[in-house]
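A.B. asks: The structure file target10.txt (compact mmCIF, C-alpha atoms) is provided below.
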```txt
# COMPACT_ATOMS: atom_id res chain seq x y z
CA MET A 1334 26.10 -22.36 29.44
CA LYS A 1335 22.54 -23.51 29.78
CA ILE A 1336 21.03 -24.04 26.37
CA ASP A 1337 17.51 -22.66 26.66
CA GLU A 1338 15.01 -21.76 24.00
CA GLU A 1339 16.26 -18.17 23.65
CA ILE A 1340 19.79 -19.38 23.03
CA LEU A 1341 18.59 -21.86 20.40
CA MET A 1342 16.56 -19.12 18.76
CA ALA A 1343 19.50 -16.73 18.76
CA TYR A 1344 21.68 -19.48 17.31
CA ALA A 1345 19.17 -20.11 14.51
CA ASP A 1346 19.09 -16.36 13.83
CA GLY A 1347 22.87 -16.09 13.65
CA GLU A 1348 23.00 -13.84 16.70
CA LEU A 1349 25.54 -15.70 18.86
CA ASP A 1350 29.22 -14.92 19.16
CA THR A 1351 31.76 -17.56 18.23
CA ALA A 1352 32.18 -19.02 21.72
CA ALA A 1353 28.46 -19.42 22.31
CA ARG A 1354 27.98 -20.79 18.81
CA THR A 1355 30.61 -23.46 19.41
CA THR A 1356 28.94 -24.50 22.65
CA VAL A 1357 25.54 -24.77 20.97
CA GLU A 1358 26.93 -26.72 18.05
CA ALA A 1359 28.52 -29.25 20.38
CA ALA A 1360 25.18 -29.67 22.15
CA LEU A 1361 23.32 -30.05 18.85
CA LEU A 1362 25.54 -32.96 17.86
CA GLU A 1363 24.58 -34.79 21.02
CA ASP A 1364 20.91 -34.00 21.17
CA PRO A 1365 18.76 -34.40 18.06
CA ALA A 1366 15.83 -32.79 19.89
CA LEU A 1367 17.80 -29.54 20.16
CA ALA A 1368 18.71 -29.74 16.48
CA ALA A 1369 15.03 -30.14 15.66
CA ARG A 1370 14.23 -26.99 17.65
CA VAL A 1371 16.81 -25.03 15.68
CA ALA A 1372 15.36 -26.35 12.44
CA ALA A 1373 11.88 -25.31 13.59
CA HIS A 1374 13.09 -21.76 14.25
CA ARG A 1375 14.62 -21.57 10.79
CA THR A 1376 11.50 -22.98 9.20
CA LEU A 1377 9.38 -20.35 10.89
CA ARG A 1378 11.60 -17.60 9.53
CA GLU A 1379 11.24 -19.01 6.02
CA GLN A 1380 7.49 -19.31 6.44
CA MET A 1381 7.19 -15.70 7.56
CA ARG A 1382 9.32 -14.41 4.74
CA SER A 1383 7.43 -16.27 2.06
CA ALA A 1384 3.99 -15.48 3.48
CA PHE A 1385 4.79 -11.77 3.33
CA ALA A 1386 6.76 -11.75 0.09
CA SER A 1387 3.83 -10.71 -2.08
CA GLU A 1388 3.69 -7.26 -0.48
CA LEU A 1389 6.97 -6.34 -2.12
CA ASP A 1390 5.51 -6.83 -5.60
CA GLU A 1391 2.61 -4.47 -5.08
CA PRO A 1392 2.76 -1.13 -6.85
CA VAL A 1393 3.45 1.68 -4.41
CA PRO A 1394 0.64 4.27 -4.28
CA SER A 1395 1.53 7.50 -5.97
CA GLN A 1396 0.96 9.57 -2.82
CA LEU A 1397 3.74 7.70 -1.07
CA LEU A 1398 6.12 8.12 -3.98
CA ALA A 1399 5.27 11.81 -4.09
CA ALA A 1400 5.86 12.15 -0.34
CA ALA A 1401 9.24 10.45 -0.57
CA ARG A 1402 10.30 12.59 -3.49
CA GLY A 1403 9.04 15.76 -1.86
CA GLU A 1404 6.63 16.44 -4.70
CA PRO A 1405 3.59 18.56 -4.03
CA LYS A 1406 0.69 16.66 -2.64
CA ILE A 1407 -2.03 15.34 -4.88
CA THR A 1408 -4.13 18.11 -6.30
CA VAL A 1409 -7.49 17.35 -4.83
CA ALA A 1410 -7.78 15.79 -1.44
CA ARG A 1411 -11.25 16.87 -0.51
CA LEU A 1412 -14.16 18.09 -2.52
CA ASP A 1413 -14.59 21.11 -0.28
CA ASP A 1414 -11.11 22.24 -1.14
CA ALA A 1415 -11.79 21.66 -4.80
CA ARG A 1416 -14.93 23.75 -4.61
CA LYS A 1417 -13.11 26.56 -2.86
CA ARG A 1418 -10.40 26.55 -5.43
CA VAL A 1419 -12.83 26.46 -8.29
CA HIS A 1420 -14.78 29.40 -6.95
CA ALA A 1421 -11.67 31.33 -6.08
CA ASP A 1422 -10.34 31.01 -9.58
CA PRO A 1423 -12.68 32.53 -12.18
CA ARG A 1424 -10.87 30.79 -15.01
CA THR A 1425 -12.01 27.42 -13.81
CA ASN A 1426 -15.46 28.48 -12.78
CA TRP A 1427 -17.10 27.38 -15.96
CA SER A 1428 -20.62 26.26 -16.30
CA TRP A 1429 -21.17 22.68 -17.25
CA PRO A 1430 -22.29 23.26 -20.88
CA GLN A 1431 -19.05 25.07 -21.69
CA TRP A 1432 -17.22 22.27 -20.02
CA SER A 1433 -19.07 19.69 -21.94
CA ALA A 1434 -18.09 21.26 -25.23
CA MET A 1435 -14.47 21.44 -24.21
CA ALA A 1436 -14.49 17.96 -22.85
CA ALA A 1437 -15.94 16.67 -26.08
CA SER A 1438 -13.03 18.03 -28.06
CA VAL A 1439 -10.57 16.55 -25.61
CA VAL A 1440 -12.30 13.22 -25.81
CA PHE A 1441 -12.22 13.34 -29.55
CA GLY A 1442 -8.49 13.82 -29.68
CA VAL A 1443 -7.71 11.17 -27.19
CA VAL A 1444 -10.00 8.57 -28.61
CA ILE A 1445 -8.80 9.07 -32.14
CA GLY A 1446 -5.30 8.59 -30.82
CA GLN A 1447 -6.24 5.45 -28.96
CA PHE A 1448 -8.10 3.83 -31.78
CA THR A 1449 -5.77 4.65 -34.59
CA LEU A 1450 -2.38 4.39 -32.93
CA ARG A 1451 -2.86 1.33 -30.82
CA ALA A 1452 -6.24 0.07 -31.72
CA PRO A 1453 -5.95 -3.70 -31.33
CA ALA A 1454 -4.08 -3.62 -28.04
CA ASP A 1455 -6.33 -1.14 -26.33
CA ASP A 1456 -9.33 -2.33 -24.47
CA PHE A 1457 -10.10 0.60 -22.24
CA TYR A 1458 -12.91 2.26 -24.14
CA SER A 1459 -15.61 1.37 -26.56
CA SER A 1460 -17.97 3.58 -28.43
CA GLU A 1461 -21.70 3.08 -28.09
CA SER A 1462 -24.13 5.27 -30.03
CA GLY A 1463 -21.89 8.29 -29.88
CA ALA A 1464 -20.92 7.95 -26.21
CA ILE A 1465 -17.65 6.61 -24.91
CA VAL A 1466 -18.12 3.70 -22.58
CA ALA A 1467 -15.50 2.15 -20.31
CA ALA A 1468 -14.43 -1.31 -21.40
CA GLY A 1469 -11.96 -3.94 -20.36
CA GLN A 1470 -9.56 -2.97 -17.62
CA LEU A 1471 -11.07 0.47 -17.15
CA ASP A 1472 -14.55 -0.97 -16.76
CA HIS A 1473 -13.20 -3.54 -14.34
CA ALA A 1474 -11.38 -0.94 -12.22
CA LEU A 1475 -14.39 1.37 -12.09
CA THR A 1476 -16.63 -1.47 -11.00
CA ALA A 1477 -14.35 -3.37 -8.66
CA ALA A 1478 -11.54 -1.17 -7.34
CA LEU A 1479 -11.59 1.05 -4.30
CA ALA A 1480 -10.08 4.50 -4.47
CA ASN A 1481 -6.29 4.66 -4.43
CA ASP A 1482 -5.87 0.97 -3.94
CA GLY A 1483 -2.93 0.82 -6.27
CA SER A 1484 -3.20 -0.94 -9.56
CA ASP A 1485 -0.87 -1.53 -12.43
CA HIS A 1486 -3.05 0.11 -14.97
CA VAL A 1487 -5.87 2.22 -13.64
CA ASN A 1488 -6.19 4.09 -10.39
CA ILE A 1489 -9.49 5.32 -9.05
CA GLY A 1490 -9.14 8.73 -7.44
CA ILE A 1491 -12.43 10.12 -6.16
CA SER A 1492 -15.89 8.59 -6.02
CA PHE A 1493 -18.99 10.69 -5.48
CA ARG A 1494 -22.68 10.96 -6.33
CA ASP A 1495 -23.92 13.67 -8.61
CA ARG A 1496 -27.06 15.70 -8.03
CA ALA A 1497 -29.20 12.98 -9.57
CA GLY A 1498 -27.69 10.40 -7.22
CA VAL A 1499 -25.66 8.75 -9.97
CA TYR A 1500 -22.26 7.40 -8.96
CA CYS A 1501 -19.26 8.93 -10.68
CA ARG A 1502 -15.60 8.10 -10.27
CA SER A 1503 -12.46 9.84 -11.41
CA PHE A 1504 -9.74 7.63 -12.78
CA ALA A 1505 -6.17 7.92 -13.92
CA ARG A 1506 -4.70 5.57 -16.40
CA LEU A 1507 -1.00 5.17 -15.93
CA GLY A 1508 1.39 4.39 -18.66
CA GLU A 1509 3.50 5.97 -21.31
CA VAL A 1510 0.82 8.58 -21.71
CA SER A 1511 -1.18 9.36 -18.62
CA VAL A 1512 -4.89 9.84 -19.07
CA THR A 1513 -7.21 11.14 -16.41
CA GLY A 1514 -10.94 11.23 -16.62
CA LEU A 1515 -14.34 10.96 -15.08
CA ALA A 1516 -16.86 8.18 -15.61
CA CYS A 1517 -20.45 8.02 -14.40
CA ARG A 1518 -22.69 5.00 -14.00
CA ASP A 1519 -25.15 4.60 -16.83
CA GLY A 1520 -27.21 1.45 -16.45
CA ASN A 1521 -24.71 -1.37 -16.30
CA THR A 1522 -21.94 0.53 -17.98
CA TRP A 1523 -19.67 3.43 -17.12
CA ARG A 1524 -20.10 6.41 -19.42
CA VAL A 1525 -16.85 8.27 -19.82
CA ASP A 1526 -17.68 11.96 -19.65
CA ILE A 1527 -14.19 13.37 -19.65
CA LEU A 1528 -10.90 12.11 -20.86
CA GLU A 1529 -7.84 14.23 -20.59
CA ARG A 1530 -4.49 13.33 -21.94
CA GLY A 1531 -1.64 14.12 -19.57
CA ALA A 1532 2.02 14.51 -20.24
CA THR A 1533 3.95 11.61 -21.67
CA GLN A 1534 6.76 9.98 -19.73
CA ALA A 1535 9.16 11.59 -22.17
CA GLU A 1536 7.71 15.03 -21.58
CA MET A 1537 7.89 14.61 -17.81
CA GLY A 1538 11.48 13.45 -17.90
CA PRO A 1539 13.14 10.41 -16.38
CA GLY A 1540 12.30 9.30 -12.89
CA PHE A 1541 8.95 10.99 -12.81
CA ARG A 1542 6.01 8.70 -12.42
CA THR A 1543 2.52 9.94 -13.04
CA ALA A 1544 0.61 10.54 -9.86
CA GLY A 1545 -1.96 7.77 -9.89
CA SER A 1546 -4.69 9.59 -8.05
CA MET A 1547 -3.99 12.84 -9.79
CA VAL A 1548 -7.10 14.76 -10.60
CA SER A 1549 -6.38 17.42 -13.17
CA PRO A 1550 -7.76 20.90 -12.52
CA ALA A 1551 -10.18 20.34 -15.38
CA VAL A 1552 -11.56 17.15 -13.91
CA ALA A 1553 -11.61 18.74 -10.45
CA ALA A 1554 -13.70 21.60 -11.76
CA VAL A 1555 -16.26 19.22 -13.20
CA ILE A 1556 -16.37 17.20 -10.01
CA ALA A 1557 -16.90 20.36 -7.98
CA ALA A 1558 -19.72 21.41 -10.25
CA ARG A 1559 -21.50 18.08 -10.32
CA ALA A 1560 -20.94 16.50 -6.94
CA GLU A 1561 -23.61 16.43 -4.31
CA GLY A 1562 -22.17 15.93 -0.83
CA ASP A 1563 -18.77 14.62 0.11
CA MET A 1564 -16.60 12.15 -1.68
CA LEU A 1565 -17.27 8.55 -0.73
CA ASP A 1566 -15.06 7.11 1.94
CA ARG A 1567 -13.91 3.54 1.87
CA ASP A 1568 -16.99 2.17 3.60
CA ALA A 1569 -19.32 4.09 1.32
CA GLU A 1570 -17.43 2.79 -1.69
CA LEU A 1571 -17.71 -0.76 -0.43
CA ALA A 1572 -21.45 -0.33 0.08
CA ALA A 1573 -21.91 1.21 -3.36
CA ARG A 1574 -19.90 -1.54 -4.99
CA GLU A 1575 -22.06 -4.09 -3.19
CA ARG A 1576 -25.13 -2.54 -4.83
CA GLY A 1577 -23.51 -2.54 -8.26
CA TRP A 1578 -23.19 1.25 -8.16
CA GLN A 1579 -26.93 1.61 -8.59
CA MET B 140 16.82 24.06 7.52
CA SER B 141 18.59 21.84 5.01
CA SER B 142 16.64 19.55 2.76
CA PRO B 143 17.29 15.85 2.36
CA SER B 144 19.68 14.83 -0.37
CA THR B 145 18.46 13.33 -3.60
CA GLN B 146 20.32 10.17 -2.70
CA MET B 147 18.43 9.88 0.57
CA ARG B 148 15.11 10.43 -1.18
CA ASP B 149 15.97 7.74 -3.70
CA GLU B 150 16.82 5.34 -0.91
CA VAL B 151 13.54 6.11 0.84
CA VAL B 152 11.66 5.49 -2.41
CA ALA B 153 13.45 2.16 -2.78
CA LEU B 154 12.46 1.21 0.77
CA LEU B 155 8.76 2.07 0.36
CA PRO B 156 7.65 -1.51 -0.41
CA ARG B 157 9.29 -2.77 2.78
CA LEU B 158 7.97 0.11 4.86
CA ARG B 159 4.49 -0.67 3.58
CA ARG B 160 4.93 -4.33 4.39
CA PHE B 161 6.09 -3.60 7.92
CA ALA B 162 3.23 -1.14 8.40
CA ARG B 163 0.80 -3.76 7.11
CA THR B 164 1.91 -6.23 9.76
CA LEU B 165 1.65 -3.52 12.40
CA THR B 166 -1.74 -2.07 11.44
CA ARG B 167 -3.32 -5.16 9.83
CA ASP B 168 -5.10 -2.84 7.42
CA ARG B 169 -3.99 -1.71 3.98
CA SER B 170 -5.28 1.84 4.23
CA ASP B 171 -4.00 2.39 7.74
CA ALA B 172 -0.64 1.05 6.65
CA ASP B 173 -0.37 3.54 3.82
CA ASP B 174 -1.44 6.39 6.11
CA VAL B 175 1.26 5.38 8.56
CA VAL B 176 3.93 5.18 5.88
CA GLN B 177 2.91 8.55 4.48
CA ILE B 178 3.22 10.20 7.89
CA ALA B 179 6.48 8.41 8.58
CA VAL B 180 8.06 9.40 5.28
CA GLU B 181 7.09 13.03 5.77
CA ARG B 182 8.49 13.00 9.31
CA ALA B 183 11.68 11.27 8.26
CA LEU B 184 12.39 13.78 5.53
CA VAL B 185 11.77 16.71 7.86
CA ARG B 186 14.12 15.17 10.43
CA HIS B 187 16.53 13.77 7.89
CA ASP B 188 19.55 15.13 9.78
CA GLN B 189 18.68 12.89 12.73
CA TRP B 190 19.64 9.83 10.72
CA ARG B 191 23.23 8.83 11.49
CA PRO B 192 25.10 8.18 8.25
CA GLY B 193 26.62 4.72 8.38
CA SER B 194 23.68 3.27 10.29
CA ARG B 195 20.94 1.43 8.48
CA LEU B 196 18.40 3.76 6.93
CA ASP B 197 15.78 1.02 6.93
CA SER B 198 16.03 0.44 10.70
CA TRP B 199 15.69 4.16 11.32
CA LEU B 200 12.63 4.36 9.08
CA PHE B 201 11.02 1.28 10.62
CA GLY B 202 11.24 3.01 13.99
CA ILE B 203 9.57 6.12 12.59
CA VAL B 204 6.84 4.01 11.01
CA ARG B 205 6.17 2.36 14.33
CA ASN B 206 6.02 5.71 16.14
CA ALA B 207 3.69 7.16 13.51
CA TRP B 208 1.38 4.22 14.07
CA ILE B 209 1.35 4.70 17.83
CA ASP B 210 1.14 8.51 17.83
CA GLU B 211 -1.25 9.23 15.05
CA VAL B 212 -3.04 6.35 13.44
CA ARG B 213 -3.70 3.60 15.95
CA ALA B 214 -6.41 5.52 17.80
CA ARG B 215 -8.42 6.10 14.63
CA SER B 216 -7.63 2.76 13.06
CA ARG B 217 -10.10 1.42 10.55
CA ARG B 218 -9.48 -2.05 11.85
CA SER B 219 -11.51 -2.91 14.91
CA ALA B 220 -9.66 -3.96 18.03
CA VAL B 221 -10.60 -7.56 17.39
CA PHE B 222 -8.72 -8.79 14.37
CA ALA B 223 -10.78 -10.29 11.57
CA PRO B 224 -8.67 -12.90 9.78
CA GLU B 225 -7.94 -12.42 6.12
CA GLU B 226 -10.37 -14.16 3.84
CA ALA B 227 -9.44 -16.68 1.21
CA GLY B 228 -8.16 -14.96 -1.89
CA GLU B 229 -7.76 -11.55 -0.31
CA HIS B 230 -4.07 -11.49 -0.99
CA ILE B 231 -3.52 -14.74 -2.76
CA GLY B 232 -5.17 -15.74 -5.97
CA ASN B 233 -7.99 -18.23 -6.19
CA PRO B 234 -8.49 -21.10 -6.37
CA ALA B 235 -6.89 -21.74 -3.01
CA THR B 236 -4.29 -24.49 -3.04
CA ASP B 237 -2.85 -26.12 0.06
CA GLU B 238 0.06 -23.73 -0.26
CA ASP B 239 -2.23 -20.68 -0.41
CA PHE B 240 -4.05 -22.03 2.59
CA ASP B 241 -0.80 -22.36 4.49
CA MET B 242 0.32 -18.86 3.54
CA ARG B 243 -2.93 -17.44 4.80
CA ALA B 244 -2.66 -19.41 8.03
CA ILE B 245 0.85 -18.03 8.55
CA ARG B 246 -0.26 -14.46 7.89
CA ASN B 247 -3.23 -14.76 10.19
CA ALA B 248 -1.13 -16.33 12.92
CA LEU B 249 1.17 -13.30 12.85
CA PHE B 250 -1.76 -10.89 12.79
CA GLU B 251 -3.17 -12.50 15.91
CA LEU B 252 -0.05 -11.94 18.00
CA PRO B 253 -0.05 -9.11 20.54
CA GLU B 254 1.21 -5.94 18.90
CA GLU B 255 4.55 -5.76 20.73
CA GLN B 256 5.45 -9.30 19.72
CA ARG B 257 4.12 -8.85 16.21
CA CYS B 258 6.30 -5.81 15.75
CA VAL B 259 9.51 -7.60 16.78
CA VAL B 260 8.69 -10.75 14.81
CA SER B 261 8.02 -8.64 11.74
CA LEU B 262 11.28 -6.70 12.00
CA VAL B 263 13.51 -9.69 12.72
CA LEU B 264 11.91 -12.58 10.84
CA ILE B 265 10.38 -10.76 7.88
CA GLU B 266 12.54 -7.66 7.45
CA GLY B 267 15.75 -9.39 8.51
CA LEU B 268 16.95 -6.93 11.14
CA SER B 269 19.39 -8.14 13.77
CA TYR B 270 18.24 -8.11 17.38
CA GLN B 271 20.35 -5.02 18.02
CA GLU B 272 18.96 -3.21 14.99
CA ALA B 273 15.42 -4.04 16.06
CA ALA B 274 16.20 -2.81 19.58
CA ASP B 275 17.56 0.47 18.18
CA ALA B 276 14.60 0.93 15.86
CA LEU B 277 12.10 0.37 18.66
CA GLU B 278 14.18 2.10 21.34
CA ILE B 279 13.94 -0.86 23.70
CA PRO B 280 16.66 -3.00 25.34
CA ILE B 281 17.94 -5.94 23.34
CA GLY B 282 16.79 -8.30 26.09
CA THR B 283 13.25 -7.10 25.52
CA VAL B 284 13.58 -7.84 21.81
CA THR B 285 14.80 -11.34 22.61
CA SER B 286 12.02 -12.12 25.05
CA ARG B 287 9.24 -10.72 22.82
CA LEU B 288 10.64 -12.60 19.86
CA ALA B 289 10.82 -15.86 21.85
CA ARG B 290 7.26 -15.49 23.08
CA GLY B 291 5.96 -14.56 19.65
CA ARG B 292 7.74 -17.46 18.04
CA ALA B 293 6.45 -19.94 20.59
CA THR B 294 2.87 -18.84 19.95
CA LEU B 295 3.33 -18.95 16.19
CA GLN B 296 4.86 -22.40 16.28
CA THR B 297 2.09 -23.78 18.45
CA GLN B 298 -0.55 -22.17 16.28
CA LEU B 299 0.95 -23.28 12.99
CA ALA B 300 1.60 -26.83 14.18
CA GLN B 301 -2.18 -27.16 14.45
CA GLU B 302 -3.08 -25.47 11.21
CA LEU B 303 -0.53 -26.23 8.54
CA ALA B 304 -0.85 -29.15 6.20
CA PRO B 305 1.68 -31.78 7.28
```
Translate this structure into structure tokens?

C.D. replies:
Amino acid sequence: MKIDEEILMAYADGELDTAARTTVEAALLEDPALAARVAAHRTLREQMRSAFASELDEPVPSQLLAAARGEPKITVARLDDARKRVHADPRTNWSWPQWSAMAASVVFGVVIGQFTLRAPADDFYSSESGAIVAAGQLDHALTAALANDGSDHVNIGISFRDRAGVYCRSFARLGEVSVTGLACRDGNTWRVDILERGATQAEMGPGFRTAGSMVSPAVAAVIAARAEGDMLDRDAELAARERGWQ
Amino acid sequence: MSSPSTQMRDEVVALLPRLRRFARTLTRDRSDADDVVQIAVERALVRHDQWRPGSRLDSWLFGIVRNAWIDEVRARSRRSAVFAPEEAGEHIGNPATDEDFDMRAIRNALFELPEEQRCVVSLVLIEGLSYQEAADALEIPIGTVTSRLARGRATLQTQLAQELAP
């Protein structure tokens, strides 16, 4: 048997049958250069595995989990669809002032919960002259993350500009209690206009993970009412991020 | 039409990180990779009865991922035809150490291989498929797997010999 590179490679990969393996091993004992080639093949395998190990630790986007589990697709894929749904369903076709009042009560409940139940640990929101402003990890995600990029804590769902040209982004905070919301750029901060508490893990039952890019019907309705034009695609998000969302 | 078993769905969920990794090496773009995996998972669950029990589910899914890339996503890929190497810190934290530098050089060397070789190298060296499993997944003869793997490896070794810290 001629010991060529493909044979050495197959030997290093454990692909040879016993007879061929024996032949190669006899040759390796006699020729250190061949042994070095085998070692190089094994080294390359190790290098490849370790260079691509980090991918396995990344959180899997919720859409993919939903697809694998056969769950319904994420509520809002495109703003046009959201608009159609909103207009088709009179219950959600509220004007913004009504929404604002409702949203305020939702915000109240959530924020009280956050600040009283887990105040010191929570650094997602701060309160500035009556408004809720994104802080900490939420502020960071809103400023730096692209939509549906997969994050441990906060997922950005949809980015768009409102009628005044202000950038707004929907977000979902994953955890024991899911929270979805909408934040709009206000100077150098993100003003949180809506916060909606979702179901808890316990309420959803075991094995169910909150859809990270989930936009609740309530948030979708507000987006549909406020958005001017389409949602930002990845390039538009990159450009907006470059300009500091101004 | 029957629906896939819960057990199969659970196994697909467990394989998602590896499917994403394989798709990443194929597409060289995070968003494209997730599009490809999404399409592949949907296809696989529709055609779940085409999987032969007893064979490796991962090999079968890798093949579907690769076909989804070729049929549906490659033509509208976000990544331009000319590959732009990953920047420092894109996947590996800063500050860059020698080891981070090496990891990036290894990743970029794989990304620069021709697609056919990259695909085989990824399945065999990264995902750990045997030559026969890779041949089945890609529906090509085992000899083709061997020759693509040998060529890919030779290029990688030459490339990395120049770039890696001694």

A.B. asks: Find the residues of chain A in contact range of chain B, meaning any atom within 7 Å when counting all atoms listed in the file, and list them as a PDB file with C-alpha atoms, keeping the file's coordinate frame.

C.D. replies:
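Final output, out33.pdb:
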```pdb
ATOM      1  CA  GLU A1339      16.260 -18.170  23.650  1.00  0.00           C
ATOM      2  CA  ARG A1378      11.600 -17.600   9.530  1.00  0.00           C
ATOM      3  CA  MET A1381       7.190 -15.700   7.560  1.00  0.00           C
ATOM      4  CA  ARG A1382       9.320 -14.410   4.740  1.00  0.00           C
ATOM      5  CA  ALA A1384       3.990 -15.480   3.480  1.00  0.00           C
ATOM      6  CA  GLU A1388       3.690  -7.260  -0.480  1.00  0.00           C
ATOM      7  CA  LEU A1389       6.970  -6.340  -2.120  1.00  0.00           C
ATOM      8  CA  VAL A1393       3.450   1.680  -4.410  1.00  0.00           C
ATOM      9  CA  LEU A1397       3.740   7.700  -1.070  1.00  0.00           C
ATOM     10  CA  LEU A1398       6.120   8.120  -3.980  1.00  0.00           C
ATOM     11  CA  ALA A1400       5.860  12.150  -0.340  1.00  0.00           C
ATOM     12  CA  ALA A1401       9.240  10.450  -0.570  1.00  0.00           C
ATOM     13  CA  ARG A1402      10.300  12.590  -3.490  1.00  0.00           C
TER      14      ARG A1402
END
```

A.B. asks: When you draw a straight line from atom CA of A:Val1466 to atom CA of A:Ala1554, how long is it in Å?

C.D. replies: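 Pair atom CA of A:Val1466 / atom CA of A:Ala1554 returns 21.4 Å.
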
A.B. asks: Could you give me, as a ChimeraX atom specification, the residues within 8 Å of stretch 1569-1574 of chain A, counting all atoms listed in the file and dropping anything in the same chain fewer than 2 positions from it?

C.D. replies: /A:1476-1477,1479,1492,1565-1567,1576-1579

A.B. asks: Provide the atom CA of A:Val1371 to atom CA of A:Ala1386 distance in Å, to one decimal place.

C.D. replies: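 Rounded to one decimal, the two atoms are 22.8 Å apart.
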
A.B. asks: Would you compute an axis-aligned box for stretch 261-274 of chain B, covering every atom listed for it in the file with 4 Å of margin on each side, and report centre and edge lengths in Å to one decimal as lines of an AutoDock Vina configuration file?

C.D. replies:
```
center_x = 14.2
center_y = -7.7
center_z = 13.5
size_x = 20.3
size_y = 17.8
size_z = 20.1
```
